[in-house]
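Coordinates as given in protein15.txt (compact mmCIF, C-alpha atoms):
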# COMPACT_ATOMS: atom_id res chain seq x y z
CA PRO N 1 -59.37 -14.19 30.73
CA GLY N 2 -57.55 -13.05 27.64
CA LYS N 3 -60.58 -11.15 26.40
CA LYS N 4 -60.08 -7.64 25.06
CA VAL N 5 -62.31 -4.83 26.21
CA LEU N 6 -62.60 -1.29 24.88
CA ILE N 7 -64.29 1.22 27.19
CA VAL N 8 -65.41 4.37 25.43
CA TYR N 9 -65.83 6.86 28.24
CA ALA N 10 -67.51 10.26 28.03
CA HIS N 11 -67.31 12.26 31.25
CA GLN N 12 -65.27 15.38 31.95
CA GLU N 13 -64.56 14.65 35.63
CA PRO N 14 -62.56 11.66 36.96
CA LYS N 15 -64.13 12.21 40.42
CA SER N 16 -67.65 11.83 39.02
CA PHE N 17 -69.86 8.79 39.52
CA ASN N 18 -69.18 7.88 35.88
CA GLY N 19 -65.49 8.12 36.71
CA SER N 20 -66.01 5.63 39.57
CA LEU N 21 -67.90 3.25 37.28
CA LEU N 22 -65.04 3.44 34.78
CA LYS N 23 -62.43 2.79 37.46
CA ILE N 24 -64.37 -0.23 38.73
CA ALA N 25 -64.68 -1.68 35.24
CA VAL N 26 -60.96 -1.27 34.51
CA GLU N 27 -59.99 -2.83 37.86
CA GLU N 28 -62.44 -5.72 37.79
CA LEU N 29 -61.87 -6.66 34.14
CA THR N 30 -58.09 -6.40 34.53
CA LYS N 31 -58.31 -8.63 37.61
CA GLN N 32 -60.13 -11.19 35.47
CA GLY N 33 -57.20 -11.23 33.09
CA CYS N 34 -58.82 -9.12 30.40
CA SER N 35 -56.85 -6.57 28.43
CA VAL N 36 -58.62 -3.25 28.88
CA THR N 37 -58.27 -0.16 26.70
CA VAL N 38 -59.97 3.14 27.55
CA SER N 39 -60.86 5.87 25.09
CA ASP N 40 -61.34 8.82 27.45
CA LEU N 41 -63.04 11.12 24.96
CA TYR N 42 -62.92 14.43 26.86
CA ALA N 43 -59.32 13.85 27.96
CA MET N 44 -58.44 13.07 24.32
CA GLN N 45 -60.34 16.19 23.24
CA PHE N 46 -61.98 13.84 20.76
CA GLU N 47 -63.41 15.70 17.74
CA PRO N 48 -67.17 15.03 17.38
CA ARG N 49 -67.67 16.97 14.13
CA ALA N 50 -67.83 15.02 10.89
CA THR N 51 -65.84 17.17 8.47
CA ARG N 52 -63.51 17.13 5.51
CA ASN N 53 -60.59 16.92 7.99
CA ASP N 54 -61.40 13.24 8.46
CA ILE N 55 -60.11 12.51 4.97
CA VAL N 56 -56.37 12.69 4.32
CA GLY N 57 -55.45 13.89 0.85
CA HIS N 58 -57.74 14.35 -2.13
CA LEU N 59 -61.47 13.94 -2.11
CA HIS N 60 -63.41 11.50 -4.26
CA ASN N 61 -65.67 14.38 -5.28
CA SER N 62 -64.44 17.82 -4.30
CA GLU N 63 -67.35 19.53 -6.08
CA ALA N 64 -69.89 18.57 -3.43
CA PHE N 65 -68.74 17.13 -0.10
CA ASN N 66 -70.58 13.97 0.94
CA TYR N 67 -69.29 12.71 4.30
CA GLY N 68 -70.62 9.17 3.93
CA VAL N 69 -69.16 8.66 0.46
CA GLU N 70 -65.84 10.35 1.27
CA THR N 71 -65.16 8.39 4.46
CA TRP N 72 -66.14 5.14 2.71
CA GLU N 73 -63.72 5.87 -0.13
CA ALA N 74 -61.03 7.04 2.30
CA TYR N 75 -61.44 3.90 4.39
CA LYS N 76 -60.93 1.69 1.32
CA ARG N 77 -57.71 3.44 0.31
CA GLY N 78 -56.41 3.84 3.88
CA GLY N 79 -56.98 7.59 3.83
CA LEU N 80 -58.87 8.26 7.06
CA SER N 81 -57.40 10.64 9.62
CA LYS N 82 -55.09 9.20 12.26
CA ASP N 83 -57.49 9.56 15.20
CA LEU N 84 -60.14 7.52 13.38
CA VAL N 85 -57.71 4.81 12.33
CA GLU N 86 -56.60 4.45 15.96
CA GLU N 87 -60.15 4.13 17.24
CA GLN N 88 -61.04 1.63 14.51
CA LYS N 89 -58.02 -0.48 15.48
CA LYS N 90 -59.22 -0.54 19.10
CA VAL N 91 -62.71 -1.58 17.97
CA GLN N 92 -61.35 -4.25 15.64
CA GLU N 93 -59.34 -5.85 18.44
CA ALA N 94 -62.06 -5.69 21.08
CA ASP N 95 -64.31 -8.59 22.10
CA LEU N 96 -66.46 -6.22 24.14
CA LEU N 97 -67.27 -2.53 23.78
CA ILE N 98 -68.48 -0.76 26.91
CA PHE N 99 -69.91 2.75 26.54
CA GLN N 100 -69.81 4.64 29.83
CA PHE N 101 -71.57 8.01 29.93
CA PRO N 102 -74.16 10.23 31.58
CA LEU N 103 -77.44 10.29 29.64
CA PHE N 104 -77.80 13.71 27.95
CA TRP N 105 -81.22 14.41 26.48
CA PHE N 106 -82.39 10.80 26.21
CA SER N 107 -79.18 9.91 24.37
CA MET N 108 -75.39 10.04 24.39
CA PRO N 109 -73.40 13.22 24.99
CA ALA N 110 -72.43 14.76 21.63
CA ILE N 111 -68.77 13.80 22.07
CA LEU N 112 -69.76 10.12 22.18
CA LYS N 113 -72.26 10.50 19.34
CA GLY N 114 -69.37 11.98 17.37
CA TRP N 115 -67.31 8.85 18.09
CA MET N 116 -70.13 6.76 16.57
CA ASP N 117 -70.55 9.11 13.60
CA ARG N 118 -66.86 9.23 12.74
CA VAL N 119 -65.43 5.84 13.75
CA LEU N 120 -68.13 3.49 12.45
CA VAL N 121 -67.80 4.35 8.77
CA GLN N 122 -69.06 2.34 5.83
CA GLY N 123 -66.58 -0.34 4.80
CA PHE N 124 -65.39 -0.70 8.39
CA ALA N 125 -68.54 -1.27 10.45
CA TYR N 126 -71.08 -2.16 7.75
CA ASP N 127 -71.35 -2.21 3.99
CA LEU N 128 -73.91 -2.18 1.21
CA SER N 129 -75.96 -5.19 2.27
CA LYS N 130 -73.81 -6.07 5.26
CA VAL N 131 -75.99 -4.75 8.03
CA TYR N 132 -77.71 -6.05 11.17
CA ASP N 133 -76.94 -9.77 11.53
CA GLY N 134 -74.66 -9.41 8.52
CA GLY N 135 -72.86 -6.31 9.87
CA LEU N 136 -69.07 -6.21 9.71
CA LEU N 137 -68.43 -6.11 13.46
CA GLN N 138 -69.50 -9.67 14.16
CA ASP N 139 -68.45 -11.68 17.21
CA LYS N 140 -68.33 -8.62 19.40
CA LEU N 141 -70.43 -7.67 22.38
CA SER N 142 -71.49 -4.21 23.48
CA LEU N 143 -72.88 -2.77 26.68
CA PHE N 144 -74.33 0.67 27.29
CA SER N 145 -73.60 1.72 30.89
CA PHE N 146 -75.01 5.09 31.85
CA THR N 147 -76.22 7.34 34.61
CA THR N 148 -79.39 9.42 34.54
CA GLY N 149 -80.37 12.74 36.07
CA GLY N 150 -83.91 11.66 36.93
CA SER N 151 -85.13 8.79 39.05
CA LYS N 152 -86.40 5.49 37.70
CA GLU N 153 -89.93 6.52 38.63
CA LYS N 154 -89.64 9.76 36.65
CA TYR N 155 -88.55 7.91 33.53
CA ALA N 156 -91.35 5.39 33.93
CA ILE N 157 -94.07 8.07 33.95
CA ARG N 158 -93.50 9.05 30.36
CA GLY N 159 -92.70 5.70 28.81
CA ASP N 160 -90.23 2.90 29.27
CA ILE N 161 -86.53 3.77 29.40
CA ARG N 162 -86.00 1.06 26.79
CA TYR N 163 -87.60 3.38 24.21
CA LEU N 164 -84.49 5.54 24.20
CA LEU N 165 -82.19 2.56 23.82
CA TRP N 166 -83.55 1.79 20.35
CA PRO N 167 -81.40 4.27 18.37
CA MET N 168 -78.24 3.40 20.31
CA GLN N 169 -78.48 -0.36 20.70
CA HIS N 170 -80.50 -1.25 17.62
CA GLY N 171 -79.72 1.63 15.28
CA ILE N 172 -75.96 1.57 15.86
CA MET N 173 -74.65 -1.62 17.48
CA HIS N 174 -77.13 -4.12 16.07
CA PHE N 175 -76.87 -2.43 12.66
CA CYS N 176 -73.10 -3.15 12.68
CA GLY N 177 -73.60 -6.79 13.71
CA VAL N 178 -72.51 -6.23 17.32
CA GLN N 179 -74.44 -8.18 19.94
CA VAL N 180 -75.93 -6.20 22.81
CA LEU N 181 -75.87 -7.08 26.50
CA GLU N 182 -78.49 -5.72 28.92
CA PRO N 183 -77.83 -2.01 29.54
CA HIS N 184 -76.49 -1.03 32.94
CA ILE N 185 -78.39 1.96 34.27
CA CYS N 186 -77.59 3.90 37.44
CA TYR N 187 -80.54 6.15 38.18
CA ALA N 188 -79.93 9.63 39.59
CA PRO N 189 -76.68 8.93 41.48
CA GLU N 190 -76.47 12.64 42.31
CA ASN N 191 -79.75 12.54 44.19
CA VAL N 192 -79.38 9.45 46.36
CA SER N 193 -77.59 8.77 49.64
CA GLU N 194 -73.91 7.90 49.86
CA GLU N 195 -74.95 4.43 50.94
CA LYS N 196 -77.15 3.95 47.88
CA ARG N 197 -74.31 5.18 45.67
CA LYS N 198 -71.98 2.58 47.18
CA GLU N 199 -74.60 -0.09 46.54
CA MET N 200 -74.74 0.96 42.90
CA LEU N 201 -70.97 0.71 42.56
CA THR N 202 -70.97 -2.73 44.20
CA ALA N 203 -73.74 -3.86 41.87
CA TRP N 204 -71.59 -2.91 38.87
CA THR N 205 -68.61 -4.87 40.22
CA GLN N 206 -70.88 -7.86 40.83
CA ARG N 207 -72.34 -7.71 37.36
CA LEU N 208 -68.88 -7.56 35.76
CA LYS N 209 -67.87 -10.73 37.62
CA THR N 210 -70.35 -12.82 35.62
CA LEU N 211 -70.55 -10.66 32.51
CA TRP N 212 -69.02 -13.23 30.19
CA LYS N 213 -71.74 -15.73 31.04
CA GLU N 214 -74.54 -13.36 30.03
CA GLU N 215 -76.68 -13.96 26.97
CA PRO N 216 -77.10 -10.98 24.62
CA ILE N 217 -80.57 -9.49 24.45
CA ASP N 218 -82.97 -10.40 21.68
CA CYS N 219 -82.56 -7.42 19.37
CA SER N 220 -86.15 -7.33 18.10
CA PRO N 221 -88.52 -4.37 18.39
CA GLU N 222 -90.42 -6.43 20.99
CA TRP N 223 -87.56 -6.11 23.47
CA TYR N 224 -87.93 -2.34 23.30
CA PHE N 225 -91.64 -1.77 22.82
CA LYS N 226 -93.42 -4.91 24.05
CA PRO T 1 -96.40 36.95 8.69
CA GLY T 2 -94.27 38.48 11.39
CA LYS T 3 -93.44 35.07 12.86
CA LYS T 4 -89.82 34.38 13.80
CA VAL T 5 -88.17 31.17 12.70
CA LEU T 6 -84.83 29.71 13.74
CA ILE T 7 -83.42 27.03 11.45
CA VAL T 8 -80.65 24.99 13.06
CA TYR T 9 -78.87 23.42 10.12
CA ALA T 10 -76.30 20.65 10.24
CA HIS T 11 -74.80 19.82 6.86
CA GLN T 12 -71.29 20.48 5.63
CA GLU T 13 -72.20 21.10 1.99
CA PRO T 14 -74.41 23.91 0.68
CA LYS T 15 -74.89 21.97 -2.59
CA SER T 16 -76.32 18.96 -0.73
CA PHE T 17 -79.98 17.99 -0.66
CA ASN T 18 -80.12 19.27 2.92
CA GLY T 19 -78.69 22.53 1.59
CA SER T 20 -81.53 22.72 -0.93
CA LEU T 21 -84.11 22.05 1.78
CA LEU T 22 -82.60 24.84 3.86
CA LYS T 23 -82.64 27.26 0.92
CA ILE T 24 -86.27 26.46 0.19
CA ALA T 25 -87.29 27.03 3.81
CA VAL T 26 -85.48 30.37 4.01
CA GLU T 27 -87.01 31.56 0.72
CA GLU T 28 -90.55 30.36 1.35
CA LEU T 29 -90.75 31.57 4.96
CA THR T 30 -89.20 34.92 4.07
CA LYS T 31 -91.75 35.26 1.25
CA GLN T 32 -94.49 34.71 3.84
CA GLY T 33 -93.15 37.66 5.81
CA CYS T 34 -91.45 35.60 8.50
CA SER T 35 -88.14 36.68 9.97
CA VAL T 36 -85.75 33.77 9.46
CA THR T 37 -82.47 33.15 11.29
CA VAL T 38 -80.15 30.28 10.37
CA SER T 39 -77.60 28.67 12.68
CA ASP T 40 -75.36 26.94 10.15
CA LEU T 41 -73.51 24.74 12.63
CA TYR T 42 -70.65 23.46 10.45
CA ALA T 43 -70.04 26.91 8.95
CA MET T 44 -69.98 28.35 12.50
CA GLN T 45 -67.66 25.51 13.54
CA PHE T 46 -70.07 25.09 16.40
CA GLU T 47 -68.47 23.35 19.40
CA PRO T 48 -70.39 20.16 20.31
CA ARG T 49 -68.35 19.24 23.41
CA ALA T 50 -69.79 20.12 26.81
CA THR T 51 -66.78 21.38 28.75
CA ARG T 52 -65.60 23.81 31.37
CA ASN T 53 -65.09 26.38 28.56
CA ASP T 54 -68.85 26.94 28.52
CA ILE T 55 -68.62 28.72 31.88
CA VAL T 56 -67.04 32.17 32.02
CA GLY T 57 -65.15 32.90 35.22
CA HIS T 58 -65.18 30.88 38.41
CA LEU T 59 -66.87 27.55 38.91
CA HIS T 60 -69.54 26.84 41.49
CA ASN T 61 -67.53 23.78 42.54
CA SER T 62 -64.05 23.56 41.10
CA GLU T 63 -63.27 20.39 43.10
CA ALA T 64 -65.40 18.17 40.90
CA PHE T 65 -66.75 19.46 37.59
CA ASN T 66 -70.46 18.84 37.07
CA TYR T 67 -71.59 20.20 33.70
CA GLY T 68 -75.30 20.30 34.55
CA VAL T 69 -74.80 22.14 37.83
CA GLU T 70 -72.18 24.52 36.46
CA THR T 71 -74.17 25.58 33.39
CA TRP T 72 -77.29 26.03 35.53
CA GLU T 73 -75.39 28.26 37.95
CA ALA T 74 -73.66 30.10 35.12
CA TYR T 75 -77.00 30.70 33.38
CA LYS T 76 -78.44 32.26 36.53
CA ARG T 77 -75.56 34.69 36.97
CA GLY T 78 -75.20 35.41 33.22
CA GLY T 79 -71.92 33.53 33.01
CA LEU T 80 -72.39 31.24 30.02
CA SER T 81 -69.98 31.50 27.10
CA LYS T 82 -70.83 33.91 24.31
CA ASP T 83 -71.72 31.31 21.68
CA LEU T 84 -74.33 29.78 24.00
CA VAL T 85 -75.84 33.12 24.96
CA GLU T 86 -76.24 33.93 21.28
CA GLU T 87 -77.97 30.66 20.50
CA GLN T 88 -80.25 31.02 23.51
CA LYS T 89 -81.24 34.49 22.36
CA LYS T 90 -82.19 33.07 18.95
CA VAL T 91 -84.26 30.32 20.60
CA GLN T 92 -85.94 32.78 22.95
CA GLU T 93 -87.07 34.98 20.07
CA ALA T 94 -88.24 32.18 17.81
CA ASP T 95 -91.83 31.07 17.34
CA LEU T 96 -90.69 28.02 15.39
CA LEU T 97 -87.50 25.95 15.54
CA ILE T 98 -86.70 23.89 12.44
CA PHE T 99 -83.91 21.31 12.69
CA GLN T 100 -82.56 20.43 9.24
CA PHE T 101 -80.08 17.54 9.09
CA PRO T 102 -79.15 14.20 7.59
CA LEU T 103 -80.01 11.32 9.92
CA PHE T 104 -76.76 9.87 11.33
CA TRP T 105 -77.12 6.57 13.17
CA PHE T 106 -80.86 6.84 13.90
CA SER T 107 -80.30 10.30 15.40
CA MET T 108 -78.84 13.76 14.89
CA PRO T 109 -75.26 14.37 13.75
CA ALA T 110 -73.05 15.01 16.80
CA ILE T 111 -72.68 18.69 15.98
CA LEU T 112 -76.47 19.13 16.31
CA LYS T 113 -76.65 16.94 19.43
CA GLY T 114 -73.99 19.24 20.87
CA TRP T 115 -76.22 22.21 20.16
CA MET T 116 -78.99 20.53 22.20
CA ASP T 117 -76.58 19.52 24.99
CA ARG T 118 -75.04 22.98 25.36
CA VAL T 119 -77.81 25.45 24.48
CA LEU T 120 -80.78 23.92 26.30
CA VAL T 121 -79.39 24.24 29.82
CA GLN T 122 -81.32 24.09 33.07
CA GLY T 123 -82.79 27.45 34.00
CA PHE T 124 -83.16 28.37 30.33
CA ALA T 125 -85.07 25.48 28.76
CA TYR T 126 -86.44 23.70 31.82
CA ASP T 127 -86.11 23.80 35.58
CA LEU T 128 -86.65 21.66 38.63
CA SER T 129 -90.29 20.78 38.12
CA LYS T 130 -90.73 22.82 34.99
CA VAL T 131 -90.63 20.07 32.40
CA TYR T 132 -92.85 18.69 29.63
CA ASP T 133 -96.07 20.72 29.49
CA GLY T 134 -94.53 22.97 32.16
CA GLY T 135 -91.20 23.37 30.31
CA LEU T 136 -89.76 26.88 29.98
CA LEU T 137 -89.91 27.09 26.18
CA GLN T 138 -93.68 27.34 25.95
CA ASP T 139 -95.55 28.80 22.98
CA LYS T 140 -92.95 27.60 20.53
CA LEU T 141 -93.20 25.04 17.77
CA SER T 142 -90.51 22.69 16.51
CA LEU T 143 -90.09 20.59 13.41
CA PHE T 144 -87.49 17.93 12.69
CA SER T 145 -86.74 17.89 8.96
CA PHE T 146 -84.23 15.27 7.89
CA THR T 147 -82.95 13.08 5.12
CA THR T 148 -82.14 9.39 5.42
CA GLY T 149 -79.62 7.12 3.75
CA GLY T 150 -81.98 4.17 3.46
CA SER T 151 -85.35 3.91 1.75
CA LYS T 152 -88.69 4.08 3.52
CA GLU T 153 -89.09 0.34 2.98
CA LYS T 154 -85.74 -0.42 4.62
CA TYR T 155 -86.66 1.56 7.72
CA ALA T 156 -90.05 -0.13 7.90
CA ILE T 157 -88.55 -3.63 8.00
CA ARG T 158 -86.98 -3.16 11.38
CA GLY T 159 -89.59 -1.08 13.11
CA ASP T 160 -91.35 2.21 12.58
CA ILE T 161 -89.25 5.31 11.90
CA ARG T 162 -91.24 7.02 14.66
CA TYR T 163 -89.32 4.93 17.20
CA LEU T 164 -86.21 7.00 16.63
CA LEU T 165 -88.11 10.26 16.97
CA TRP T 166 -88.86 9.58 20.63
CA PRO T 167 -85.55 10.84 22.09
CA MET T 168 -85.46 13.91 19.86
CA GLN T 169 -89.08 15.04 19.83
CA HIS T 170 -90.24 13.78 23.21
CA GLY T 171 -86.99 13.64 25.17
CA ILE T 172 -85.77 17.08 24.11
CA MET T 173 -88.48 19.33 22.62
CA HIS T 174 -91.50 18.10 24.55
CA PHE T 175 -89.39 18.02 27.74
CA CYS T 176 -88.73 21.75 27.30
CA GLY T 177 -92.40 22.54 26.67
CA VAL T 178 -91.97 23.03 22.91
CA GLN T 179 -94.79 21.72 20.74
CA VAL T 180 -93.86 19.37 17.94
CA LEU T 181 -95.11 19.42 14.36
CA GLU T 182 -95.11 16.29 12.18
CA PRO T 183 -91.53 15.48 11.17
CA HIS T 184 -90.57 16.06 7.55
CA ILE T 185 -88.64 13.09 6.21
CA CYS T 186 -86.99 12.83 2.81
CA TYR T 187 -86.05 9.20 2.25
CA ALA T 188 -82.80 8.39 0.48
CA PRO T 189 -82.53 11.48 -1.74
CA GLU T 190 -79.13 10.23 -2.92
CA ASN T 191 -80.63 7.05 -4.34
CA VAL T 192 -83.62 8.35 -6.26
CA SER T 193 -84.06 9.95 -9.66
CA GLU T 194 -83.56 13.66 -10.29
CA GLU T 195 -87.29 13.88 -10.93
CA LYS T 196 -88.11 12.31 -7.57
CA ARG T 197 -85.69 14.67 -5.85
CA LYS T 198 -87.47 17.64 -7.43
CA GLU T 199 -90.79 16.26 -6.21
CA MET T 200 -89.40 16.06 -2.69
CA LEU T 201 -88.25 19.68 -2.83
CA THR T 202 -91.63 20.79 -4.14
CA ALA T 203 -93.38 18.85 -1.38
CA TRP T 204 -91.33 20.76 1.23
CA THR T 205 -92.26 24.11 -0.32
CA GLN T 206 -95.92 23.07 -0.38
CA ARG T 207 -95.86 21.98 3.24
CA LEU T 208 -94.28 25.24 4.35
CA LYS T 209 -97.08 27.20 2.66
CA THR T 210 -99.65 25.85 5.12
CA LEU T 211 -97.32 25.15 8.04
CA TRP T 212 -98.86 27.72 10.37
CA LYS T 213 -102.24 26.03 10.09
CA GLU T 214 -100.91 22.66 11.24
CA GLU T 215 -101.85 21.17 14.58
CA PRO T 216 -98.93 19.89 16.72
CA ILE T 217 -98.76 16.14 17.20
CA ASP T 218 -100.11 14.50 20.32
CA CYS T 219 -96.89 13.97 22.28
CA SER T 220 -97.93 10.74 23.99
CA PRO T 221 -96.07 7.41 23.75
CA GLU T 222 -98.98 6.19 21.61
CA TRP T 223 -98.00 8.50 18.75
CA TYR T 224 -94.60 6.78 18.64
CA PHE T 225 -95.33 3.17 19.55
CA LYS T 226 -99.04 2.62 18.85
Please express what this file holds, its structure, as structure tokens.
Amino acid sequence: PGKKVLIVYAHQEPKSFNGSLLKIAVEELTKQGCSVTVSDLYAMQFEPRATRNDIVGHLHNSEAFNYGVETWEAYKRGGLSKDLVEEQKKVQEADLLIFQFPLFWFSMPAILKGWMDRVLVQGFAYDLSKVYDGGLLQDKLSLFSFTTGGSKEKYAIRGDIRYLLWPMQHGIMHFCGVQVLEPHICYAPENVSEEKRKEMLTAWTQRLKTLWKEEPIDCSPEWYFK
Amino acid sequence: PGKKVLIVYAHQEPKSFNGSLLKIAVEELTKQGCSVTVSDLYAMQFEPRATRNDIVGHLHNSEAFNYGVETWEAYKRGGLSKDLVEEQKKVQEADLLIFQFPLFWFSMPAILKGWMDRVLVQGFAYDLSKVYDGGLLQDKLSLFSFTTGGSKEKYAIRGDIRYLLWPMQHGIMHFCGVQVLEPHICYAPENVSEEKRKEMLTAWTQRLKTLWKEEPIDCSPEWYFK
């Protein structure tokens, strides 16, 4: 109770299974007394492209555009575009970040990758030697909640599903100092029975009930590739 | 000679190191007698978001929008948006796909991820059981060529750089039946001497000279996580 949660949501259709998972999270966490904010990326028409438009006013070096340097400099002087400042404020205030999305090509949909690329700039999320356990977004938790197209068995044939979590959980969240809870994976909701789908939704509600008692995962390579 | 190459390029600045790598590839491959096409994603203002706009005309199911189903159906009836049809035509004709980009968060920049999400639709790049060695984009090669922010040593501390290649090389290219050449990685070009940068550019030219003699990598989990 009293905890703040930011759900970054990337699905086009409210009636989708991802939409149901979002709705459940908002309802259950609100019921617990949490304050829940949703960034509904498609509804916001969130811009995924990292461009010069992200910097208000003059550039540090207008001769050769370097996105990393320019957003770092802009962050320091308060010159990032309004949409980024708003998202950073939501992240700053949150105790828990939930990413809700359908897996696209072993990763996030581009609109969500764009949120990572543009919101988590140097100076805000990490800095020169402030990375991993020293990252700037300490004391926060994160949770990747996603649906897949293929079944659990199909993923298992070609290697553990944890392999694809490395860039997202380790490369982004852990890099910024954010702790990572076990991912929540709903396999192939489009290809199972209505009953099985309901079970998956109930399982998500149940998990959320005891979420705050969970221990973050051990963010070592062994967790992923043991 | 006579081979067709598509370079999908994701950097905002022609004067960047990525811009130099692109220029070298175009020049060297053209010199070899290859026909080279470049998709310069930022210059094209390529749309990374997967939305209803990608389908021309009516939807298969307008009650609940399902991007995967709708693009599959649209592909079959020739109803994908013009920008996607153009990119698919370039892919279809290519013998080799080169992806040239700066690594953003252990992965591709969102604009390039959006190219993967939107161009490689079901029916075109893969189909029901036509995946991996049976994928629809057979007899093509791919090569991920990218720059990093951190040094080789920094990446090595926290696990092999090959870990982050799994979703891109295996999860996308191999899934579609495309063979994968060794990645080409330029570590931290922004933090090395001018001399070292020149060496890196020369190394890329040299590699391209014998590229067509290279054997694709073995696309098993062992290559990534041995």
- Query: Quick one: which residues from chain T are at most 10 Å off chain N, using only C-alpha atoms, as a PyMOL selection string?
  - Reply: chain T and resi 11-16+41-42+45-52+63-68+104-118+120+132+149+158-160+163-168+170-173+175+220-222+224-226
Put those residues in a file: C-alpha atoms, as a PDB file, in the coordinates of the input.
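For reference, selection.pdb as written:
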ATOM      1  CA  HIS T  11     -74.800  19.820   6.860  1.00  0.00           C
ATOM      2  CA  GLN T  12     -71.290  20.480   5.630  1.00  0.00           C
ATOM      3  CA  GLU T  13     -72.200  21.100   1.990  1.00  0.00           C
ATOM      4  CA  PRO T  14     -74.410  23.910   0.680  1.00  0.00           C
ATOM      5  CA  LYS T  15     -74.890  21.970  -2.590  1.00  0.00           C
ATOM      6  CA  SER T  16     -76.320  18.960  -0.730  1.00  0.00           C
ATOM      7  CA  LEU T  41     -73.510  24.740  12.630  1.00  0.00           C
ATOM      8  CA  TYR T  42     -70.650  23.460  10.450  1.00  0.00           C
ATOM      9  CA  GLN T  45     -67.660  25.510  13.540  1.00  0.00           C
ATOM     10  CA  PHE T  46     -70.070  25.090  16.400  1.00  0.00           C
ATOM     11  CA  GLU T  47     -68.470  23.350  19.400  1.00  0.00           C
ATOM     12  CA  PRO T  48     -70.390  20.160  20.310  1.00  0.00           C
ATOM     13  CA  ARG T  49     -68.350  19.240  23.410  1.00  0.00           C
ATOM     14  CA  ALA T  50     -69.790  20.120  26.810  1.00  0.00           C
ATOM     15  CA  THR T  51     -66.780  21.380  28.750  1.00  0.00           C
ATOM     16  CA  ARG T  52     -65.600  23.810  31.370  1.00  0.00           C
ATOM     17  CA  GLU T  63     -63.270  20.390  43.100  1.00  0.00           C
ATOM     18  CA  ALA T  64     -65.400  18.170  40.900  1.00  0.00           C
ATOM     19  CA  PHE T  65     -66.750  19.460  37.590  1.00  0.00           C
ATOM     20  CA  ASN T  66     -70.460  18.840  37.070  1.00  0.00           C
ATOM     21  CA  TYR T  67     -71.590  20.200  33.700  1.00  0.00           C
ATOM     22  CA  GLY T  68     -75.300  20.300  34.550  1.00  0.00           C
ATOM     23  CA  PHE T 104     -76.760   9.870  11.330  1.00  0.00           C
ATOM     24  CA  TRP T 105     -77.120   6.570  13.170  1.00  0.00           C
ATOM     25  CA  PHE T 106     -80.860   6.840  13.900  1.00  0.00           C
ATOM     26  CA  SER T 107     -80.300  10.300  15.400  1.00  0.00           C
ATOM     27  CA  MET T 108     -78.840  13.760  14.890  1.00  0.00           C
ATOM     28  CA  PRO T 109     -75.260  14.370  13.750  1.00  0.00           C
ATOM     29  CA  ALA T 110     -73.050  15.010  16.800  1.00  0.00           C
ATOM     30  CA  ILE T 111     -72.680  18.690  15.980  1.00  0.00           C
ATOM     31  CA  LEU T 112     -76.470  19.130  16.310  1.00  0.00           C
ATOM     32  CA  LYS T 113     -76.650  16.940  19.430  1.00  0.00           C
ATOM     33  CA  GLY T 114     -73.990  19.240  20.870  1.00  0.00           C
ATOM     34  CA  TRP T 115     -76.220  22.210  20.160  1.00  0.00           C
ATOM     35  CA  MET T 116     -78.990  20.530  22.200  1.00  0.00           C
ATOM     36  CA  ASP T 117     -76.580  19.520  24.990  1.00  0.00           C
ATOM     37  CA  ARG T 118     -75.040  22.980  25.360  1.00  0.00           C
ATOM     38  CA  LEU T 120     -80.780  23.920  26.300  1.00  0.00           C
ATOM     39  CA  TYR T 132     -92.850  18.690  29.630  1.00  0.00           C
ATOM     40  CA  GLY T 149     -79.620   7.120   3.750  1.00  0.00           C
ATOM     41  CA  ARG T 158     -86.980  -3.160  11.380  1.00  0.00           C
ATOM     42  CA  GLY T 159     -89.590  -1.080  13.110  1.00  0.00           C
ATOM     43  CA  ASP T 160     -91.350   2.210  12.580  1.00  0.00           C
ATOM     44  CA  TYR T 163     -89.320   4.930  17.200  1.00  0.00           C
ATOM     45  CA  LEU T 164     -86.210   7.000  16.630  1.00  0.00           C
ATOM     46  CA  LEU T 165     -88.110  10.260  16.970  1.00  0.00           C
ATOM     47  CA  TRP T 166     -88.860   9.580  20.630  1.00  0.00           C
ATOM     48  CA  PRO T 167     -85.550  10.840  22.090  1.00  0.00           C
ATOM     49  CA  MET T 168     -85.460  13.910  19.860  1.00  0.00           C
ATOM     50  CA  HIS T 170     -90.240  13.780  23.210  1.00  0.00           C
ATOM     51  CA  GLY T 171     -86.990  13.640  25.170  1.00  0.00           C
ATOM     52  CA  ILE T 172     -85.770  17.080  24.110  1.00  0.00           C
ATOM     53  CA  MET T 173     -88.480  19.330  22.620  1.00  0.00           C
ATOM     54  CA  PHE T 175     -89.390  18.020  27.740  1.00  0.00           C
ATOM     55  CA  SER T 220     -97.930  10.740  23.990  1.00  0.00           C
ATOM     56  CA  PRO T 221     -96.070   7.410  23.750  1.00  0.00           C
ATOM     57  CA  GLU T 222     -98.980   6.190  21.610  1.00  0.00           C
ATOM     58  CA  TYR T 224     -94.600   6.780  18.640  1.00  0.00           C
ATOM     59  CA  PHE T 225     -95.330   3.170  19.550  1.00  0.00           C
ATOM     60  CA  LYS T 226     -99.040   2.620  18.850  1.00  0.00           C
TER      61      LYS T 226
END
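Our summary of the geometry notes that atom CA of Leu97 of chain N is positioned 18.7 Å from atom CA of Ala43 of chain N.
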Up to 7 Å from (-74.4, -2.6, 34.2) in the file's coordinates: name the residues, counting all atoms listed in the file, as number ranges by chain.
N: 145, 183-185, 204, 207
Report task. Find the distance between atom CA of Lys140 of chain N and atom CA of Glu93 of chain N and write it in Å to one decimal. Result ->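 Spanning atom CA of Lys140 of chain N to atom CA of Glu93 of chain N is a straight-line distance of 9.5 Å.
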